[in-house]
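coords23.txt (compact mmCIF, C-alpha atoms and all ligand atoms) appears below.
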```
# COMPACT_ATOMS: atom_id res chain seq x y z
CA MET A 1 -23.44 -14.68 6.68
CA ILE A 2 -26.71 -13.28 7.92
CA ILE A 3 -29.21 -12.02 5.34
CA LYS A 4 -30.03 -8.38 5.88
CA ASP A 5 -32.27 -7.79 2.89
CA ARG A 6 -35.87 -7.26 3.95
CA LYS A 7 -37.34 -8.43 0.60
CA GLU A 8 -35.43 -11.72 0.79
CA LEU A 9 -36.71 -12.27 4.32
CA GLU A 10 -40.32 -11.85 3.20
CA VAL A 11 -40.35 -15.22 1.44
CA LYS A 12 -42.31 -17.96 3.26
CA CYS A 13 -40.22 -21.03 4.16
CA SER A 14 -41.21 -24.58 3.19
CA PRO A 15 -41.57 -27.64 5.45
CA VAL A 16 -38.55 -29.85 5.94
CA SER A 17 -37.86 -33.43 7.09
CA VAL A 18 -36.74 -33.86 10.71
CA LYS A 19 -33.38 -35.21 9.51
CA GLU A 20 -32.63 -32.23 7.27
CA GLY A 21 -34.11 -29.93 9.90
CA GLU A 22 -31.69 -31.21 12.52
CA GLU A 23 -28.72 -30.52 10.24
CA ILE A 24 -29.95 -27.00 9.60
CA GLY A 25 -30.52 -26.60 13.38
CA VAL A 26 -26.85 -27.38 14.08
CA ARG A 27 -25.74 -24.75 11.55
CA LEU A 28 -28.14 -22.20 13.00
CA LEU A 29 -26.96 -22.75 16.58
CA HIS A 30 -23.37 -22.39 15.39
CA GLU A 31 -24.20 -19.15 13.57
CA LEU A 32 -26.11 -17.88 16.62
CA ARG A 33 -23.14 -18.51 18.93
CA GLU A 34 -20.89 -16.56 16.54
CA SER A 35 -23.25 -13.61 16.67
CA GLU A 36 -23.09 -10.81 19.14
CA ASN A 37 -26.01 -10.96 21.62
CA GLY A 38 -28.19 -13.10 19.34
CA ILE A 39 -30.91 -15.11 21.08
CA GLY A 40 -32.66 -16.56 18.06
CA LEU A 41 -32.20 -17.26 14.37
CA ALA A 42 -34.36 -18.61 11.57
CA ALA A 43 -33.08 -20.65 8.60
CA ASN A 44 -34.07 -18.02 6.02
CA GLN A 45 -31.79 -15.55 7.80
CA ILE A 46 -28.86 -17.62 6.57
CA GLY A 47 -30.36 -18.17 3.13
CA ILE A 48 -32.09 -21.54 3.71
CA ASN A 49 -35.82 -21.21 3.06
CA LYS A 50 -36.85 -24.13 5.26
CA ARG A 51 -39.01 -24.15 8.39
CA VAL A 52 -36.31 -24.42 11.07
CA CYS A 53 -35.44 -21.91 13.76
CA VAL A 54 -33.39 -21.86 16.94
CA ILE A 55 -33.82 -20.01 20.20
CA ASN A 56 -31.15 -19.73 22.86
CA VAL A 57 -32.39 -17.85 25.89
CA LYS A 58 -32.45 -20.36 28.73
CA GLU A 59 -31.14 -23.31 26.77
CA PRO A 60 -30.58 -24.05 23.07
CA LEU A 61 -33.84 -25.02 21.42
CA VAL A 62 -34.29 -26.21 17.82
CA LEU A 63 -37.79 -26.05 16.31
CA ILE A 64 -38.51 -27.98 13.09
CA ASN A 65 -41.76 -27.10 11.28
CA PRO A 66 -43.02 -25.24 14.38
CA LYS A 67 -46.65 -24.19 14.70
CA ILE A 68 -48.28 -21.96 17.29
CA VAL A 69 -51.35 -23.99 18.27
CA GLU A 70 -52.60 -21.75 21.08
CA LYS A 71 -52.07 -18.10 21.91
CA SER A 72 -53.34 -15.99 24.78
CA LYS A 73 -55.71 -13.12 24.21
CA GLU A 74 -53.49 -11.12 26.54
CA GLN A 75 -50.74 -9.26 24.76
CA PHE A 76 -47.84 -7.15 25.88
CA VAL A 77 -45.39 -4.66 24.49
CA PHE A 78 -41.73 -5.60 24.24
CA PRO A 79 -38.60 -3.98 22.76
CA GLU A 80 -37.19 -6.25 20.05
CA GLY A 81 -34.09 -6.51 17.96
CA CYS A 82 -33.13 -8.80 15.07
CA LEU A 83 -29.77 -10.08 13.81
CA SER A 84 -30.85 -9.15 10.27
CA PHE A 85 -31.41 -5.53 11.31
CA PRO A 86 -28.66 -4.86 13.86
CA ASN A 87 -29.28 -1.13 13.98
CA ASP A 88 -33.02 -1.30 14.62
CA LYS A 89 -35.05 -1.64 17.79
CA VAL A 90 -38.80 -2.02 17.50
CA LYS A 91 -41.43 -1.90 20.19
CA THR A 92 -43.66 -4.83 19.27
CA ILE A 93 -46.86 -6.31 20.58
CA ARG A 94 -46.79 -10.06 21.30
CA HIS A 95 -48.98 -12.70 22.90
CA GLU A 96 -48.32 -13.12 26.61
CA SER A 97 -48.31 -16.92 26.29
CA ILE A 98 -48.24 -19.44 23.48
CA VAL A 99 -48.25 -23.21 22.97
CA VAL A 100 -46.06 -24.59 20.19
CA GLU A 101 -45.84 -27.92 18.41
CA ALA A 102 -42.79 -28.92 16.37
CA ASP A 103 -41.93 -32.12 14.49
CA ASN A 104 -38.81 -32.73 16.58
CA HIS A 105 -40.61 -32.43 19.94
CA LYS A 106 -43.05 -35.09 21.13
CA GLY A 107 -45.14 -32.99 23.48
CA GLN A 108 -46.33 -29.43 23.28
CA LEU A 109 -44.03 -26.61 24.36
CA SER A 110 -45.45 -23.77 26.44
CA PHE A 111 -43.96 -20.31 26.69
CA SER A 112 -45.23 -17.55 28.89
CA ALA A 113 -44.04 -14.07 29.68
CA ASN A 114 -46.29 -14.05 32.72
CA SER A 115 -43.49 -14.76 35.20
CA LYS A 116 -41.04 -12.94 37.45
CA ASP A 117 -38.10 -14.16 35.35
CA ILE A 118 -37.44 -11.71 32.50
CA ASN A 119 -35.87 -14.59 30.54
CA ASP A 120 -39.33 -16.14 30.22
CA ALA A 121 -40.50 -12.99 28.44
CA PHE A 122 -37.42 -12.97 26.20
CA GLU A 123 -37.95 -16.63 25.29
CA CYS A 124 -41.69 -16.22 24.67
CA VAL A 125 -41.11 -13.21 22.41
CA CYS A 126 -38.16 -14.84 20.66
CA VAL A 127 -40.19 -17.96 19.73
CA GLN A 128 -42.91 -15.73 18.22
CA HIS A 129 -40.28 -13.63 16.42
CA GLU A 130 -38.53 -16.68 14.88
CA ILE A 131 -41.73 -18.46 13.81
CA ASP A 132 -42.76 -15.19 12.18
CA HIS A 133 -39.50 -15.24 10.19
CA LEU A 134 -40.47 -18.64 8.78
CA ASP A 135 -43.69 -17.07 7.52
CA GLY A 136 -41.80 -14.19 5.96
CA ILE A 137 -42.84 -11.77 8.69
CA THR A 138 -40.34 -9.40 10.27
CA MET A 139 -40.61 -7.57 13.60
CA PHE A 140 -41.50 -4.38 11.75
CA GLU A 141 -44.90 -5.87 10.94
CA ARG A 142 -45.54 -6.42 14.66
CA GLU A 143 -44.72 -2.88 15.62
CA PHE A 144 -46.87 -1.52 18.40
CA LYS A 145 -48.52 1.68 17.30
CA SER A 146 -51.10 3.55 19.24
CA GLU A 147 -52.73 6.89 19.19
CA PRO A 148 -52.53 8.82 22.44
CA LEU A 149 -55.95 8.75 24.07
CA VAL A 150 -57.68 11.91 25.12
CA ARG A 151 -60.24 11.37 27.84
CA GLY A 152 -63.78 11.83 26.62
CA VAL A 153 -62.74 12.24 23.00
CA ASN A 154 -61.48 8.97 21.64
CA ALA A 155 -61.53 6.87 24.81
CA PRO A 156 -63.93 3.99 24.27
CA LYS A 157 -66.97 4.75 26.40
CA LYS A 158 -67.71 1.15 27.22
CA ILE A 159 -64.74 0.77 29.57
CA GLY A 160 -65.91 0.61 33.16
CA ARG A 161 -63.92 2.52 35.78
CA ASN A 162 -63.07 -0.68 37.58
CA GLU A 163 -62.32 -2.61 34.44
CA LYS A 164 -58.70 -3.67 33.98
CA VAL A 165 -56.84 -2.27 31.00
CA LEU A 166 -53.37 -2.78 29.57
CA ILE A 167 -51.39 0.43 29.18
CA ALA A 168 -47.89 1.05 27.87
CA CYS A 169 -45.24 3.73 27.98
CA GLY A 170 -41.89 3.29 26.27
CA THR A 171 -40.89 -0.29 26.94
CA GLU A 172 -42.98 -0.57 30.09
CA SER A 173 -46.48 -1.98 30.24
CA LYS A 174 -48.92 -2.80 33.00
CA THR A 175 -52.48 -3.93 33.63
CA ILE A 176 -54.42 -1.68 36.02
CA LYS A 177 -57.95 -0.45 36.66
CA TYR A 178 -59.18 2.04 34.07
CA LYS A 179 -59.80 4.75 36.68
CA LYS A 180 -56.16 4.47 37.78
CA ALA A 181 -55.01 4.48 34.16
CA LEU A 182 -56.80 7.72 33.26
CA PRO A 183 -54.25 10.15 34.75
CA LEU A 184 -51.41 8.12 33.21
CA LEU A 185 -53.09 8.22 29.81
CA GLU A 186 -52.82 11.97 30.01
CA SER A 187 -49.13 11.88 30.76
CA GLY A 188 -47.66 9.85 27.94
CA TRP A 189 -49.06 6.37 28.56
CA THR A 190 -51.20 4.78 25.88
CA LEU A 191 -54.03 2.30 26.05
CA VAL A 192 -53.04 -1.00 24.46
CA LYS A 193 -56.02 -3.14 25.24
CA PRO A 194 -59.27 -2.22 26.93
ZN ZN B 1 -35.11 -11.72 13.51
```

Kindly return the structure encoded in the file as structure tokens.
Amino acid sequence: MIIKDRKELEVKCSPVSVKEGEEIGVRLLHELRESENGIGLAANQIGINKRVCVINVKEPLVLINPKIVEKSKEQFVFPEGCLSFPNDKVKTIRHESIVVEADNHKGQLSFSANSKDINDAFECVCVQHEIDHLDGITMFEREFKSEPLVRGVNAPKKIGRNEKVLIACGTESKTIKYKKALPLLESGWTLVKP
């Protein structure tokens, strides 16, 4: 049974021993396989408020007491879903790459969406999504919102014409020179990051 109540999912999870975490991990992976199209699940989504989550994009991955120890300044926009909210899709903004430490992994784990393989982006976003769950944060809080920019009105003046900017439209995003972005910003694209 997957918890679908947003209030219940807003409770922060507590740390767990590796032994108990591994048992919860097995249950989570089982639950994830039973789901339709699920790629990640956090313990509080099945009513266990402990810091364990699983990700299954490229291979099954259990994270016990995970912590994001490094995150890139670069961010990107990505369409997300959640097993707790099967009817919702949210365009979120996430870090392009992160480094994670977890009690059941000796070394650090690196995830980066900066690759030609779309699965890398899915995995990188999924890890951020699941760790958020453990902190009581849902994808709705990461929603990407931006005001359409009008040239000369609310466009930050300090951006140089040759400076690279991140722009987004729908689920697409790209980094290009500001002068090349200007016409796009007038046709539905929005400036994410100067
Ligand atoms: Zn979720």

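Coordinates place CA of Met139 in chain A at a distance of 16.4 Å from CA of Val54 in chain A.
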
For this session: Measure the distance from CA of Leu182 in chain A to CA of Ser115 in chain A in Å and round it to one decimal.
Result: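 That distance, rounded to one decimal, is 26.2 Å.
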
Exercise. Once you count all atoms listed in the file, which residues end up within 12 Å of ligand ZN 1 (chain B), and could you hand them over as number ranges by chain?
Worked result: A: 2-6, 9-10, 32, 38-46, 53-55, 80-86, 88-90, 125-142

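The closest residue to Asp103 in chain A, picked from A:Pro183, A:Gly21, A:Pro60, A:Gly47 and counting only C-alpha atoms, is A:Gly21.
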
Exercise. Using only C-alpha atoms, which of the listed residues (A:Lys164, A:Lys177, A:Lys91, A:His105) sits closest to Glu143 in chain A?
Worked result: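 Closest candidate: A:Lys91.
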
Exercise. Which residue, A:Val77, A:Asn114, A:Leu191, A:His95, has the smallest gap to Glu172 in chain A when you use all atoms listed in the file?
Worked result: A:Val77

Problem set entry | d(CA of Asn119 in chain A, CA of Glu59 in chain A) in Å |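 Computing it gives 10.6 Å between the two atoms.
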
For this session: Could you give me, as a list in words, the residues within 10 Å of Ser17 in chain A, counting all atoms listed in the file and dropping anything in the same chain fewer than 5 positions from it?
Result: Glu22, Lys50, Arg51, Val52, Ile64, Asn65, Asp103 and Asn104 of chain A

For this session: Identify, on the basis of only C-alpha atoms, every residue whose closest approach to Ile68 in chain A does not exceed 7 Å; exclude the query and any residue fewer than 6 positions from it along the same chain; express the result as a PyMOL selection string.
Result: chain A and resi 98-101

Output of the above residues as a CSV table (one decimal), keeping the file's coordinate frame, restricted to C-alpha atoms:
```
chain,number,residue,atom,x,y,z
A,98,ILE,CA,-48.2,-19.4,23.5
A,99,VAL,CA,-48.2,-23.2,23.0
A,100,VAL,CA,-46.1,-24.6,20.2
A,101,GLU,CA,-45.8,-27.9,18.4
```

For this session: Could you tell me which of A:Gly188, A:Pro194, A:Gly25, A:Pro79 comes closest to Asn162 in chain A if we count all atoms listed in the file?
Result: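 Closest candidate: A:Pro194.
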
For this session: For a cut-off of 12 Å around (-53.4, 0.8, 37.8), file coordinates, pick out all residues using all atoms listed in the file and list them as a list in words.
Result: Arg161, Asn162, Glu163, Lys164, Val165, Leu166, Ile167, Ala168, Ser173, Lys174, Thr175, Ile176, Lys177, Tyr178, Lys179, Lys180, Ala181, Leu182, Pro183, Leu184, Leu185, Trp189 and Leu191 of chain A

Axis-aligned box for all listed atoms of range 88-101 of chain A, 8 Å per side, centre and edges in Å to one decimal, as JSON:
```
{"center_x": -41.0, "center_y": -14.6, "center_z": 20.6, "size_x": 32.0, "size_y": 42.6, "size_z": 28.0}
```

For this session: Go through A:Glu8, A:Glu186, A:Asp117, A:Glu123 and flag the residue nearest Arg94 in chain A, using all atoms listed in the file for the distances.
Result: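 Of A:Glu8, A:Glu186, A:Asp117, A:Glu123, the one nearest Arg94 in chain A is A:Glu123, counting all atoms listed in the file.
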
For range 34-68 of chain A, supply N, CA and C atoms and report the output as a PDB file, in the coordinates of the input.
```
ATOM      1  N   GLU A  34     -21.882 -17.479  17.125  1.00  0.00           N
ATOM      2  CA  GLU A  34     -20.890 -16.560  16.540  1.00  0.00           C
ATOM      3  C   GLU A  34     -21.371 -15.111  16.598  1.00  0.00           C
ATOM      4  N   SER A  35     -22.689 -14.954  16.722  1.00  0.00           N
ATOM      5  CA  SER A  35     -23.250 -13.610  16.670  1.00  0.00           C
ATOM      6  C   SER A  35     -23.039 -12.892  17.987  1.00  0.00           C
ATOM      7  N   GLU A  36     -23.204 -11.583  17.920  1.00  0.00           N
ATOM      8  CA  GLU A  36     -23.090 -10.810  19.140  1.00  0.00           C
ATOM      9  C   GLU A  36     -24.492 -10.634  19.722  1.00  0.00           C
ATOM     10  N   ASN A  37     -24.727 -11.102  20.912  1.00  0.00           N
ATOM     11  CA  ASN A  37     -26.010 -10.960  21.620  1.00  0.00           C
ATOM     12  C   ASN A  37     -27.228 -11.594  20.954  1.00  0.00           C
ATOM     13  N   GLY A  38     -27.022 -12.492  19.987  1.00  0.00           N
ATOM     14  CA  GLY A  38     -28.190 -13.100  19.340  1.00  0.00           C
ATOM     15  C   GLY A  38     -28.861 -14.101  20.268  1.00  0.00           C
ATOM     16  N   ILE A  39     -30.199 -14.116  20.274  1.00  0.00           N
ATOM     17  CA  ILE A  39     -30.910 -15.110  21.080  1.00  0.00           C
ATOM     18  C   ILE A  39     -31.796 -16.005  20.222  1.00  0.00           C
ATOM     19  N   GLY A  40     -31.860 -15.706  18.932  1.00  0.00           N
ATOM     20  CA  GLY A  40     -32.660 -16.560  18.060  1.00  0.00           C
ATOM     21  C   GLY A  40     -32.302 -16.330  16.609  1.00  0.00           C
ATOM     22  N   LEU A  41     -32.528 -17.367  15.790  1.00  0.00           N
ATOM     23  CA  LEU A  41     -32.200 -17.260  14.370  1.00  0.00           C
ATOM     24  C   LEU A  41     -33.090 -18.218  13.589  1.00  0.00           C
ATOM     25  N   ALA A  42     -33.532 -17.766  12.431  1.00  0.00           N
ATOM     26  CA  ALA A  42     -34.360 -18.610  11.570  1.00  0.00           C
ATOM     27  C   ALA A  42     -33.560 -18.959  10.321  1.00  0.00           C
ATOM     28  N   ALA A  43     -33.874 -20.133   9.733  1.00  0.00           N
ATOM     29  CA  ALA A  43     -33.080 -20.650   8.600  1.00  0.00           C
ATOM     30  C   ALA A  43     -33.012 -19.650   7.439  1.00  0.00           C
ATOM     31  N   ASN A  44     -34.123 -18.948   7.164  1.00  0.00           N
ATOM     32  CA  ASN A  44     -34.070 -18.020   6.020  1.00  0.00           C
ATOM     33  C   ASN A  44     -33.139 -16.837   6.265  1.00  0.00           C
ATOM     34  N   GLN A  45     -32.755 -16.621   7.522  1.00  0.00           N
ATOM     35  CA  GLN A  45     -31.790 -15.550   7.800  1.00  0.00           C
ATOM     36  C   GLN A  45     -30.380 -15.931   7.360  1.00  0.00           C
ATOM     37  N   ILE A  46     -30.156 -17.235   7.120  1.00  0.00           N
ATOM     38  CA  ILE A  46     -28.860 -17.620   6.570  1.00  0.00           C
ATOM     39  C   ILE A  46     -29.049 -18.194   5.145  1.00  0.00           C
ATOM     40  N   GLY A  47     -30.146 -17.836   4.537  1.00  0.00           N
ATOM     41  CA  GLY A  47     -30.360 -18.170   3.130  1.00  0.00           C
ATOM     42  C   GLY A  47     -30.954 -19.541   2.864  1.00  0.00           C
ATOM     43  N   ILE A  48     -31.451 -20.229   3.906  1.00  0.00           N
ATOM     44  CA  ILE A  48     -32.090 -21.540   3.710  1.00  0.00           C
ATOM     45  C   ILE A  48     -33.586 -21.356   3.943  1.00  0.00           C
ATOM     46  N   ASN A  49     -34.383 -21.475   2.894  1.00  0.00           N
ATOM     47  CA  ASN A  49     -35.820 -21.210   3.060  1.00  0.00           C
ATOM     48  C   ASN A  49     -36.592 -22.448   3.507  1.00  0.00           C
ATOM     49  N   LYS A  50     -36.208 -22.953   4.677  1.00  0.00           N
ATOM     50  CA  LYS A  50     -36.850 -24.130   5.260  1.00  0.00           C
ATOM     51  C   LYS A  50     -37.326 -23.770   6.663  1.00  0.00           C
ATOM     52  N   ARG A  51     -38.376 -24.511   7.112  1.00  0.00           N
ATOM     53  CA  ARG A  51     -39.010 -24.150   8.390  1.00  0.00           C
ATOM     54  C   ARG A  51     -38.235 -24.688   9.601  1.00  0.00           C
ATOM     55  N   VAL A  52     -37.111 -24.066   9.889  1.00  0.00           N
ATOM     56  CA  VAL A  52     -36.310 -24.420  11.070  1.00  0.00           C
ATOM     57  C   VAL A  52     -35.869 -23.123  11.724  1.00  0.00           C
ATOM     58  N   CYS A  53     -35.981 -23.076  13.059  1.00  0.00           N
ATOM     59  CA  CYS A  53     -35.440 -21.910  13.760  1.00  0.00           C
ATOM     60  C   CYS A  53     -34.863 -22.375  15.093  1.00  0.00           C
ATOM     61  N   VAL A  54     -33.995 -21.546  15.645  1.00  0.00           N
ATOM     62  CA  VAL A  54     -33.390 -21.860  16.940  1.00  0.00           C
ATOM     63  C   VAL A  54     -33.560 -20.675  17.877  1.00  0.00           C
ATOM     64  N   ILE A  55     -33.666 -21.021  19.162  1.00  0.00           N
ATOM     65  CA  ILE A  55     -33.820 -20.010  20.200  1.00  0.00           C
ATOM     66  C   ILE A  55     -32.807 -20.379  21.271  1.00  0.00           C
ATOM     67  N   ASN A  56     -32.078 -19.404  21.784  1.00  0.00           N
ATOM     68  CA  ASN A  56     -31.150 -19.730  22.860  1.00  0.00           C
ATOM     69  C   ASN A  56     -31.227 -18.657  23.945  1.00  0.00           C
ATOM     70  N   VAL A  57     -32.237 -18.802  24.787  1.00  0.00           N
ATOM     71  CA  VAL A  57     -32.390 -17.850  25.890  1.00  0.00           C
ATOM     72  C   VAL A  57     -32.004 -18.568  27.178  1.00  0.00           C
ATOM     73  N   LYS A  58     -32.753 -19.606  27.520  1.00  0.00           N
ATOM     74  CA  LYS A  58     -32.450 -20.360  28.730  1.00  0.00           C
ATOM     75  C   LYS A  58     -31.609 -21.586  28.404  1.00  0.00           C
ATOM     76  N   GLU A  59     -31.916 -22.176  27.259  1.00  0.00           N
ATOM     77  CA  GLU A  59     -31.140 -23.310  26.770  1.00  0.00           C
ATOM     78  C   GLU A  59     -31.363 -23.378  25.257  1.00  0.00           C
ATOM     79  N   PRO A  60     -30.416 -24.005  24.524  1.00  0.00           N
ATOM     80  CA  PRO A  60     -30.580 -24.050  23.070  1.00  0.00           C
ATOM     81  C   PRO A  60     -31.797 -24.895  22.703  1.00  0.00           C
ATOM     82  N   LEU A  61     -32.599 -24.364  21.811  1.00  0.00           N
ATOM     83  CA  LEU A  61     -33.840 -25.020  21.420  1.00  0.00           C
ATOM     84  C   LEU A  61     -33.953 -24.961  19.895  1.00  0.00           C
ATOM     85  N   VAL A  62     -34.103 -26.154  19.276  1.00  0.00           N
ATOM     86  CA  VAL A  62     -34.290 -26.210  17.820  1.00  0.00           C
ATOM     87  C   VAL A  62     -35.752 -26.527  17.561  1.00  0.00           C
ATOM     88  N   LEU A  63     -36.388 -25.795  16.669  1.00  0.00           N
ATOM     89  CA  LEU A  63     -37.790 -26.050  16.310  1.00  0.00           C
ATOM     90  C   LEU A  63     -37.871 -26.352  14.814  1.00  0.00           C
ATOM     91  N   ILE A  64     -38.369 -27.567  14.498  1.00  0.00           N
ATOM     92  CA  ILE A  64     -38.510 -27.980  13.090  1.00  0.00           C
ATOM     93  C   ILE A  64     -39.993 -27.989  12.740  1.00  0.00           C
ATOM     94  N   ASN A  65     -40.354 -27.286  11.694  1.00  0.00           N
ATOM     95  CA  ASN A  65     -41.760 -27.100  11.280  1.00  0.00           C
ATOM     96  C   ASN A  65     -42.649 -26.675  12.462  1.00  0.00           C
ATOM     97  N   PRO A  66     -42.234 -25.646  13.200  1.00  0.00           N
ATOM     98  CA  PRO A  66     -43.020 -25.240  14.380  1.00  0.00           C
ATOM     99  C   PRO A  66     -44.344 -24.592  14.009  1.00  0.00           C
ATOM    100  N   LYS A  67     -45.321 -24.794  14.887  1.00  0.00           N
ATOM    101  CA  LYS A  67     -46.650 -24.190  14.700  1.00  0.00           C
ATOM    102  C   LYS A  67     -47.120 -23.659  16.041  1.00  0.00           C
ATOM    103  N   ILE A  68     -47.662 -22.471  16.066  1.00  0.00           N
ATOM    104  CA  ILE A  68     -48.280 -21.960  17.290  1.00  0.00           C
ATOM    105  C   ILE A  68     -49.709 -22.494  17.298  1.00  0.00           C
TER     106      ILE A  68
END
```
